[in-house]
Structure formats: structure tokens, C-alpha cells
Amino acid sequence: MTGYLLRRLGVGILMLLALSVLVFIMLRLTPGDPIDAYINPSAPMSPEALAELRRRLGLDQPLPVQYLAWLRAAAVGDFGFSTQRSGVAVLPLVLDRIWPTVLLMGAGLAIAIVVGIAAGIWGAVRRGGASDLALSIFSSVGISSPPFLTGLLGLWFFSTQLRVAPSGGMLTPGAPFSLWDLLGHLILPACLLSIGHAALIMRYMRSSLLEVLGQDYVRTARAKGVREVWVILKHATRNALLPVITLIGSTIGIAIGGAIFLESVFNWPGMGLLLVNAVNGRDYPVIMCATLVIGACVIVVNILTDITYAAVDPRIKVAA
Amino acid sequence: MRNFGCLTAVAICAALAGPALAQDKTITGAFDVGPGGFPKGFNPLAVTSGFMWLKTYYEPLVVYDAGLSELQGALASEVAISEDRKTYTFTLAEETWHDGEAFTSADVKFTFDLARNPAAASVFAGRLSAIESVETPDDRTAVFTLTQPDAQLLTIIGQVMILPEHALSQMAPESIATSDWWSTSPVGTGPFKFSRYVTDQYVELVADEDYRGGRPKVDRLINRYFENSAAAVSALRAGEIQFTYVEPDDARSFDGNDAFRVIEGPSWVVNYIGFNNELDLWDDVRVRQAVMHAIDRETIVTALYGGAAEVANCGYTAEALVPGGIEPYPYDPERAKALLDEAGWDETNGSAPIQWLTYYGTPQAANVMAAIQAMLAQVGVNVVPRALDTPTYNSITYKVDGADPAQFALNYGGLTFGPNPAQLNVALNSSQIPPAGQNIMRVRSEALDGAFAAALGETDDAQANTRWQEVCRVMNAELPWATMWVANRYGVVSSDLVDFVWTPAPGGGPYADHPELWDIR
């Protein structure tokens with residue numbers, strides 16, 4: 001197991017390096033000059049002052065040299081300073097934004113997992129019934145609704161029309177911290193984030209459970225007189241969960257993408273909002289760091305998914 | 001164990017309940033949404049807008065009234081101007097800084113020395129260049145001596161927020177610009193005191209108990225940040241904020257809703273199509289005239305602005321500044337085609353695509369540009385609109401070395417012409433071509449430079465309007481820009497607010513909105 005983990009981590013670091021090269025090159029391919037992010041457009045600088053600033057920032061060096069200089073500093077945790085926020089170091093800024101994103105994404109995925117699995121089981125057990133049909137329709141609509149659409153519609157309906165949820169932010173401005181306040185702000189974006197994932201999980205869970213319910217060992221359990229609820233929940237569901245776990249692991253990357261949209265719609269102060277603002281403001285150091293942190297999160301989650309998979313199914317040996 | 005359980009239960013209950021509903025009076029607004037705002041612009045020397053919010057905790061020496069018609073005292077109780085317009089004497093009001101230190105003329109000198117210092121990344125450095133020195137004969141008097149009369153000086157001074165020398169003088173000008181003092185512990189003299197900034201979320205101010213204009217009627221003022229005006233409108237409708245700037249379409253959706261009041265006013269910004277003078281394409285004035293005749297401005301104003309805009313035939317629309325008898329350039333596509341034929345347009349460009357840049361990202365601007373594109377296509381001018389984010393736009397238009405004028409053969413933008421029309425000078429005078437100023441379309445016109453020089457140097461108030469009429473006449477005849485219109489802008493305020501004052505001033509003013517008098521029911 002340890003050897004497997006080390007190997008996966010090694011591959012993960014190589015993937016992060018490749019990601020950093022890719023993002024670095026893509027940023028340089030965007031129109032304009034990185035130096036523009038450092039100067040005030042309302043107070044244009046003379047060509048001499050601009051050249052001096054370019055030299056000081058190392059932007060007069062060839063691209064590979066610039067990248068290696070960035071990498072050398074990043075290796076010791078120095079991701080530079082935000083160009084949008086005077087004097088603010090990038091790494092603490094990005095790390096501060098992780099937990100709001102984890103909170104939103106975690107809540108959204110938790111809701112999606114609970115609702116998706118429960119609805120999947122219900123749909124499989126009531127196969128062909130009216131409730132199964134209703135859930136199938138929900139599943140099709142949910143899967144085909146991108147987060148920015150559900151986000152905007154949800155904001156309009158629940159905040160503006162019904163006024164049952166705040167229209168944005170993580171806490172009421174100016175109010176002291178309270179858990180209710182946080183939950184009140186969290187519930188709507190988390191539910192909206194969960195829709196697509198719940199629909200997907202439900203669909204997988206339903207088909208997987210239907211397949212398992214036709215297996216011999218399920219028939220044997222029933223023949224032994226085990227109660228139907230127990231047959232479904234203990235014997236069938238556990239085995240039906242295997243493909244669902246794989247799905248959940250692979251959707252975390254998608255969930256991060258969804259969280260980026262929803263954070264913008266709900267002004268949720270997480271990594272997504274930070275990244276969008278950084279892109280809009282050409283804050284290259286923040287874009288580089290935030291992208292890498294998000295990439296690292298996805299890699300770690302994928303490793304954790306593999307380990308969970310092994311724990312749920314004893315037949316699988318991760319080291320194999 | 002039981003005690004621990006009880007304590008835990010109490011702690012959870014306390015955390016859940018939380019004193020979320022504070023009993024004090026708070027006004028929350030999206031004060032930095034819209035073109036007058038500058039979200040996260042904390043350093044008042046480095047911003048070009050957002051002055052309405054900054055003035056709630058800083059103050060300038062003088063300020064326009066809420067109608068933007070005349071300047072009045074703020075931190076200066078009186079202003080005396082010498083006959084030759086080269087000496088301005090400010091008598092200062094009695095006031096203390098929010099940290100208890102006395103406000104004196106030394107703060108005024110410190111502020112203007114800093115604002116004129118390019119090392120401090122001050123956007124005012126160029127615009128205050130007429131000031132030769134600031135002297136402080138006593139604590140309550142500041143004397144500004146100018147090298148030459150400058151008609152826009154008082155307007156600029158009205159945007160310079162006075163800063164505390166005792167808090168900033170220890171820092172080098174270079175580090176002042178990048179200091180986190182601005183967003184963590186700034187000290188001003190305004191009716192509200194800075195309390196805290198929650199990164200990217202909001203800024204909170206609290207009432208200054210001993211403000212010279214009286215203690216503010218509300219205890220706290222909160223400026224919430226939003227990604228766009230649509231998000232702010234949602235929060236307004238949900239009752240979470242009491243004010244925001246809104247787009248025209250959103251403003252109409254509040255008609256007949258008694259819970260809100262729509263505030264409408266002129267933007268003081270002229271929208272224009274700028275011709276890049278570096279290109280031979282626009283050399284012939286008949287081509288520029290053809291562009292004017294090809295665009296049905298009246299129809300666009302009616303159809304896309306709901307009538308809430310005024311067609312402009314020079315850089316401004318103020319009645320007193322526009323002379324009679326200037327060319328109105330009515331919509332006349334046949335005339336436009338004839339002018340293009342006379343100018344030999346088919347040979348100089350024909351139907352080749354022409355890059356048309358803008359930094360406007362609103363749906364309305366996209367619609368306006370699409371309409372103009374179709375109208376110009378009808379007379380044989382093939383423009384290709386391209387909306388860019390502001391940094392990219394600036395990187396192309398302000399570029400000095402290796403600039404490619406073909407990349408921005410045309411632009412669609414807006415420029416402030418009020419309350420003082422002198423502000424047009426920075427974008428039209430040949431001395432203001434980048435990197436010196438904001439004449440990004442590289443307008444070079446001796447007649448216009450001369451008209452600006454005469455207007456800016458005019459010392460006789462009675463003659464000032466005549467001078468500006470001459471600037472208008474030259475703009476109208478030479479067409480360095482195809483001027484389009486001056487549109488209205490809107491704010492929506494909750495009916496719960498009392499004595500709240502807002503006007504769509506360019507850059508957010510500042511203007512005398514008296515935040516200390518704002519109240520909430």
C-alpha cells in the first residue's frame with residue numbers, strides 16, 4: 001500500500017509540473033503583455049520606466065528562464081505577490097480560500113451522495129412505477145443542467161422571488177459569526193451544486209442496483225428468508241455502490257468546476273471566485289497558484305477514491 | 001462528564017443562535033457597482049472612480065453640490081482665488097482625524113505633495129502639474145501657487161481626498177502606494193470611520209461620533225461587492241441591500257414598485273467612436289463625416305436607450321457650452337455614401353474589415369455596436385466590433401513601442417465631460433498622446449489644441465463658456481471623434497432609506513451627498 005501511495009504521489013507531482021507548464025504557456029499566449037497587470041492604465045508609464053519594470057520583474061528574460069525562476073521560488077512556497085492586491089502574498093491568499101470552497105463543494109457532494117443513492121435505490125426498487133419515472137425525468141433534467149444555469153435560476157427563484165435564501169456571500173455583512181448564518185448562506189448554493197451530481201449518482205445507483213438485484217446471491221438471501229429491506233440495503237446496495245464510488249471520485253473534479261461557476265453567481269469567497277477575479281484582472285501569480293492548488297486537490301482526491309474503493313471491495317488490492 | 005455535555009450544548013446553541021441581527025442602524029449598499037464605482041480601490045490617489053464611497057470616510061477640500069452645478073467647501077470652509085487665477089487660498093475647517101489627531105494645513109500640503117509625486121503612483125500627478133507650490137502660513141490656511149491659470153484645477157482638487165500626514169509621512173512614496181494601510185487601518189476625516197474589510201466581500205464603516213457635521217444618523221455603513229449589477233439587483237430585491245446602480249433595463253423593471261425609488265440622471269459621459277489618427281484611413285474629414293451621417297443616432301437612442309439619452313454633436317451636451325449653428329449630422333446614408341465616394345473610400349479601404357475595439361462588456365453596448373455595425377455596412381464601411389477586458393484594451397491602446405494602429409482603427413468608448421468640460425482635454429489634446437496622457441486615438445489637431453489652451457487658460461468667468469463653445473465648434477467641424485450621445489444612468493434605492501442622496505456623477509463624484517444625514521426606517 002505504501003509503495004502504491006508513493007508511486008501515485010510521484011505521478012501526481014509530475015502531473016502538477018506538467019499542469020504548471022501548460023498554464024504558464026497558456027497565460028503567455030493570451031493577448032496582451034503581462035507587464036500591463038503591473039501598471040495603472042490611467043497613469044501610463046514612459047517606455048524607459050516600463051523597460052526598467054520589465055527588467056526588475058524578469059519579464060525581459062526568455063520564457064523558459066522565466067518559468068524556471070517561478071518554479072524555483074514555488075518549490076519553497078514563494079508564489080510571489082498578487083498584482084491586484086498591493087503587497088499581498090499569493091500563497092496565503094489562495095490557502096485562505098480553500099476552506100470556503102471545500103465547504104461548498106463538500107456540502108454539495110454530501111447532499112448529492114445522500115439524495116442520489118437514496119433516489120437510485122428507490123428507483124430500482126420501484127422500477128417502472130410513477131415515482132421511478134419522476135426520478136428518471138429529474139435525472140435527465142439534472143444531468144443536462146449546467147451549474148451556471150441552475151445557479152442563476154435558483155438565485156432568481158429562491159432569493160429574489162421567494163426570498164427564502166440570501167442572494168450571495170458566505171456570511172451576513174457586518175454581522176458577528178453564527179453557524180445559522182453560515183448554513184443559511186450555504187444551503188442554496190450547495191443544493192444547486194448537488195443537482196447535477198445527485199442526478200448522475202442516482203442514474204448509476206439505479207442501474208447498478210438493478211443489475212445486482214438479479215444476481216444469484218440476492219435470490220439466495222431472499223430464499224433464506226432475509227427481510228427485503230435487509231436484502232436491498234446490506235446484500236445488494238453494498239455491491240451496487242462500487243461503480244458509484246468510482247463515479248463520485250471522478251465527479252469531484254467536475255464539482256470544482258461547478259463550484260467555480262456557483263461561487264461567481266453567489267459571490268462565495270472561495271477558490272473559484274478568486275480564480276475568476278484573477279483571470280479578469282490578469283493576476284498571473286494568483287492564476288498560477290490557484291490552478292496548481294486545485295490540480296493538487298483533484299489528484300489527492302483521486303488517490304483517496306482508489307483507497308476507498310479498495311476498502312469497500314476487499315477483492316481489490318491497490319498495490320496490484 | 002454531564003457538565004461537559006451541558007457546556008457543549010450551550011456552546012452549540014450560542015454558535016447557532018449568534019447575534020446575527022444587530023440592533024444598530026445599518027445601511028448596506030452596492031456603492032461600488034457600476035461605472036462610478038471602483039471595487040477594492042482603497043488608495044484614493046490611485047483610483048479614477050469610486051469617489052462617492054471614498055468620501056464617506058475621507059474628504060476633499062472642496063466638493064460639488066449634488067446637482068454638480070457648483071463647487072462648495074468641504075474640508076476647506078472658504079476658497080479665495082486671486083484675480084490672475086494663479087493663487088488659491090483655502091481656509092480650513094476645524095476637524096480631527098478619526099484617530100483623534102488634529103487636522104491642519106500640514107495635512108493638505110502633505111497630500112498635494114504626494115498627489116503630485118508620480119513615484120506614489122498617483123493618477124493626479126499629471127493633472128495637478130499647474131501647481132507650483134503649496135504653502136502653509138498657519139494651521140488653518142493653505143495657499144496653492146500655480147505656474148499658469150488652470151480652469152480645471154478646482155474640479156481636480158475636489159477629487160483629491162486629504163490624507164493624514166502623521167499616519168503616512170514615515171513611509172516612502174513608493175511604498176505608500178502598495179501599503180496595506182489603505183485596506184486595514186486608514187484614517188480619514190469623513191462622517192464614517194473605517195472598521196474592517198472582509199476580503200473581496202465588503203467594507204464596513206462605523207459612525208464618527210464627533211464629526212463636525214453632526215454624528216451620522218446610522219451606526220454603520222456597509223459597501224458590499226458584487227460581480228455585476230445583476231447580482232446586486234437580486235440582493236436589492238431580496239432586501240439585503242438598500243441601494244445599487246442598475247442597468248437601464250433593470251431600472252425599468254422597478255417602475256410602479258413602491259418599495260423602491262429609481263434615481264435617473266445624465267451620465268456626464270459622452271459616448272463616441274474614436275478614429276485612430278495614426279492611420280491614413282481617416283485622414284479625409286469626409287470619411288469621418290460619412291460615419292456620422294451613416295449612423296441613425298436618434299433611432300438607437302429611442303430603441304436601445306428607451307429615449308433616455310441625448311444625441312451629442314461635440315464632446316458635451318450642456319446647453320451653455322454648445323454653440324448654435326453647428327452641424328447636426330442627421331442620419332442620411334445616401335449623403336454618407338456620396339461623401340465616401342468623394343473621398344475615394346473604395347481605394348483607401350473599400351470593404352476590408354476594420355477592427356473596432358471597446359472595453360464595454362454590457363449587453364446594451366453589444367446591441368449598440370451591432371446596430372452601428374449594420375448601419376455602417378449599409379454605406380460600405382465594414383467594421384468588426386471586438387469587446388475586450390479593460391487590461392487587454394489598455395494594453396493595446398496605450399502601447400507606445402510597437403503599437404499597431406490597425407488593431408484599433410476605431411474604438412467605442414466614453415469620456416467624462418463634466419462637471420467640468422476641461423476633462424476632455426486629456427483625451428483630445430495632442431500633448432496628451434500616450435505615454436503623456438489618455439489621447440489614445442492620437443488626435444493631432446492644432447485648432448483643437450488652440451481651443452483647449454484658450455479655454456483652460458481663460459481667467460474671465462464671463463468668457464469661459466464662449467471658450468468652451470469654441471472647443472465644441474472645432475470638435476464638431478473636425479470630428480476627431482464621431483460623437484454619439486450622452487446616456488442617462490440609474491440607481492435604485494429602497495424606500496426605507498431617508499434623506500439618501502445619489503447622482504450618477506462621473507467617477508462617482510464626489511459630491512455633497514451628506515452621508516451623515518442618511519437614515520433608515
# chains A, B, ... in the order shown; residues from 1 in each chain; ligands from 1
call {"tool": "residues_around", "arguments": {"residues": "stretch 106-117 of chain A", "least_positions_apart": "6", "cutoff": "7 Å", "atoms": "only C-alpha atoms", "output": "PyMOL selection string"}}
result
chain A and resi 190-191+193-195+197-199+201-202+205
call {"tool": "residues_around", "arguments": {"residues": "stretch 141-149 of chain A", "least_positions_apart": "3", "cutoff": "6 Å", "atoms": "only C-alpha atoms", "output": "JSON, numbers by chain"}}
result
{"A": [138, 152, 195, 196, 199, 258, 261]}
call {"tool": "residues_around", "arguments": {"residues": "stretch 211-225 of chain B", "least_positions_apart": "5", "cutoff": "6 Å", "atoms": "only C-alpha atoms", "output": "list in words"}}
result
Lys25, Thr26, Ile27, Thr28, Gly29, Ala30, Phe31, Pro191, Gln201, Tyr202, Val203, Glu204, Leu205, Val206, Glu516, Leu517 and Asp519 of chain B
call {"tool": "atom_distance", "arguments": {"atom1": "atom CA of B:Leu388", "atom2": "atom CA of B:Gln364"}}
result
14.9 Å
call {"tool": "select_by_dssp", "arguments": {"residues": "stretch 16-88 of chain B", "states": "strand (DSSP E or B)", "output": "PyMOL selection string"}}
result
chain B and resi 26-30+62-64+71-73+76-81+87-88
call {"tool": "select_by_dssp", "arguments": {"residues": "stretch 279-448 of chain B", "states": "helix (DSSP H, G or I)", "output": "PyMOL selection string"}}
result
chain B and resi 280-282+285-294+297-304+319-321+333-342+345-348+363-378+390-397+405-408+421-428+430-432+446-448
call {"tool": "write_last_selection", "arguments": {"atoms": "C-alpha atoms", "output": "PDB file, in the first residue's frame"}}
result
ATOM      1  CA  ASP B 280      -4.285  57.221 -43.187  1.00  0.00           C
ATOM      2  CA  LEU B 281      -7.738  55.681 -43.353  1.00  0.00           C
ATOM      3  CA  TRP B 282      -9.361  58.569 -41.506  1.00  0.00           C
ATOM      4  CA  VAL B 285     -12.660  64.598 -42.982  1.00  0.00           C
ATOM      5  CA  ARG B 286     -15.327  63.482 -45.484  1.00  0.00           C
ATOM      6  CA  VAL B 287     -14.845  59.891 -44.333  1.00  0.00           C
ATOM      7  CA  ARG B 288     -15.404  60.918 -40.720  1.00  0.00           C
ATOM      8  CA  GLN B 289     -18.445  62.934 -41.748  1.00  0.00           C
ATOM      9  CA  ALA B 290     -19.756  59.891 -43.623  1.00  0.00           C
ATOM     10  CA  VAL B 291     -19.533  57.802 -40.447  1.00  0.00           C
ATOM     11  CA  MET B 292     -21.631  60.412 -38.633  1.00  0.00           C
ATOM     12  CA  HIS B 293     -24.261  60.542 -41.383  1.00  0.00           C
ATOM     13  CA  ALA B 294     -24.385  56.737 -41.652  1.00  0.00           C
ATOM     14  CA  ARG B 297     -28.342  58.027 -33.595  1.00  0.00           C
ATOM     15  CA  GLU B 298     -31.919  59.109 -32.910  1.00  0.00           C
ATOM     16  CA  THR B 299     -33.233  55.603 -33.609  1.00  0.00           C
ATOM     17  CA  ILE B 300     -30.583  53.992 -31.434  1.00  0.00           C
ATOM     18  CA  VAL B 301     -31.402  56.391 -28.601  1.00  0.00           C
ATOM     19  CA  THR B 302     -35.102  55.577 -28.948  1.00  0.00           C
ATOM     20  CA  ALA B 303     -34.800  51.836 -29.487  1.00  0.00           C
ATOM     21  CA  LEU B 304     -31.835  50.879 -27.320  1.00  0.00           C
ATOM     22  CA  GLU B 319     -26.767  73.884 -23.314  1.00  0.00           C
ATOM     23  CA  ALA B 320     -24.485  76.719 -22.234  1.00  0.00           C
ATOM     24  CA  LEU B 321     -21.431  75.077 -23.805  1.00  0.00           C
ATOM     25  CA  PRO B 333     -26.986  57.106 -45.677  1.00  0.00           C
ATOM     26  CA  GLU B 334     -27.077  58.464 -49.228  1.00  0.00           C
ATOM     27  CA  ARG B 335     -25.081  61.512 -48.174  1.00  0.00           C
ATOM     28  CA  ALA B 336     -22.683  59.160 -46.340  1.00  0.00           C
ATOM     29  CA  LYS B 337     -22.161  57.074 -49.491  1.00  0.00           C
ATOM     30  CA  ALA B 338     -21.584  60.211 -51.562  1.00  0.00           C
ATOM     31  CA  LEU B 339     -19.014  61.519 -49.089  1.00  0.00           C
ATOM     32  CA  LEU B 340     -17.198  58.176 -49.106  1.00  0.00           C
ATOM     33  CA  ASP B 341     -17.171  58.170 -52.915  1.00  0.00           C
ATOM     34  CA  GLU B 342     -15.756  61.687 -52.985  1.00  0.00           C
ATOM     35  CA  TRP B 345     -13.046  55.136 -49.893  1.00  0.00           C
ATOM     36  CA  ASP B 346     -13.046  52.209 -52.327  1.00  0.00           C
ATOM     37  CA  GLU B 347      -9.371  52.794 -52.999  1.00  0.00           C
ATOM     38  CA  THR B 348      -8.259  53.515 -49.434  1.00  0.00           C
ATOM     39  CA  PRO B 363     -25.322  43.641 -23.345  1.00  0.00           C
ATOM     40  CA  GLN B 364     -26.534  47.135 -24.162  1.00  0.00           C
ATOM     41  CA  ALA B 365     -23.157  48.157 -25.552  1.00  0.00           C
ATOM     42  CA  ALA B 366     -23.077  44.949 -27.621  1.00  0.00           C
ATOM     43  CA  ASN B 367     -26.501  45.802 -29.045  1.00  0.00           C
ATOM     44  CA  VAL B 368     -25.475  49.369 -29.797  1.00  0.00           C
ATOM     45  CA  MET B 369     -22.332  48.231 -31.581  1.00  0.00           C
ATOM     46  CA  ALA B 370     -24.227  45.608 -33.562  1.00  0.00           C
ATOM     47  CA  ALA B 371     -26.708  48.265 -34.698  1.00  0.00           C
ATOM     48  CA  ILE B 372     -23.918  50.657 -35.715  1.00  0.00           C
ATOM     49  CA  GLN B 373     -22.087  47.832 -37.482  1.00  0.00           C
ATOM     50  CA  ALA B 374     -25.188  47.144 -39.586  1.00  0.00           C
ATOM     51  CA  MET B 375     -25.692  50.843 -40.356  1.00  0.00           C
ATOM     52  CA  LEU B 376     -22.071  51.341 -41.400  1.00  0.00           C
ATOM     53  CA  ALA B 377     -22.208  48.189 -43.528  1.00  0.00           C
ATOM     54  CA  GLN B 378     -25.080  49.753 -45.493  1.00  0.00           C
ATOM     55  CA  THR B 390     -10.056  46.547 -19.733  1.00  0.00           C
ATOM     56  CA  PRO B 391      -6.442  45.424 -19.180  1.00  0.00           C
ATOM     57  CA  THR B 392      -6.250  43.987 -22.702  1.00  0.00           C
ATOM     58  CA  TYR B 393      -7.909  47.073 -24.147  1.00  0.00           C
ATOM     59  CA  ASN B 394      -5.469  49.315 -22.314  1.00  0.00           C
ATOM     60  CA  SER B 395      -2.513  47.168 -23.298  1.00  0.00           C
ATOM     61  CA  ILE B 396      -3.376  47.681 -26.960  1.00  0.00           C
ATOM     62  CA  THR B 397      -4.465  51.308 -26.927  1.00  0.00           C
ATOM     63  CA  PRO B 405      -2.794  51.158 -35.007  1.00  0.00           C
ATOM     64  CA  ALA B 406      -4.608  48.712 -37.286  1.00  0.00           C
ATOM     65  CA  GLN B 407      -5.500  46.727 -34.163  1.00  0.00           C
ATOM     66  CA  PHE B 408      -7.667  49.608 -33.004  1.00  0.00           C
ATOM     67  CA  PRO B 421     -15.645  70.151 -19.645  1.00  0.00           C
ATOM     68  CA  ALA B 422     -11.890  70.659 -19.225  1.00  0.00           C
ATOM     69  CA  GLN B 423     -11.659  66.935 -18.521  1.00  0.00           C
ATOM     70  CA  LEU B 424     -11.966  66.279 -22.265  1.00  0.00           C
ATOM     71  CA  ASN B 425      -8.543  67.812 -22.737  1.00  0.00           C
ATOM     72  CA  VAL B 426      -6.715  64.673 -21.537  1.00  0.00           C
ATOM     73  CA  ALA B 427      -8.127  62.618 -24.388  1.00  0.00           C
ATOM     74  CA  LEU B 428      -8.104  65.099 -27.245  1.00  0.00           C
ATOM     75  CA  SER B 430      -2.031  66.320 -28.857  1.00  0.00           C
ATOM     76  CA  SER B 431       0.132  66.919 -25.763  1.00  0.00           C
ATOM     77  CA  GLN B 432      -1.741  64.056 -24.085  1.00  0.00           C
ATOM     78  CA  GLU B 446      -3.747  72.413 -33.985  1.00  0.00           C
ATOM     79  CA  ALA B 447      -7.153  74.051 -33.990  1.00  0.00           C
ATOM     80  CA  LEU B 448      -8.389  71.850 -31.173  1.00  0.00           C
TER      81      LEU B 448
END
call {"tool": "residues_around", "arguments": {"residues": "B:Arg467", "least_positions_apart": "3", "cutoff": "6 Å", "atoms": "only C-alpha atoms", "output": "list of chain:residue names"}}
result
B:Ala455, B:Ala464, B:Glu470
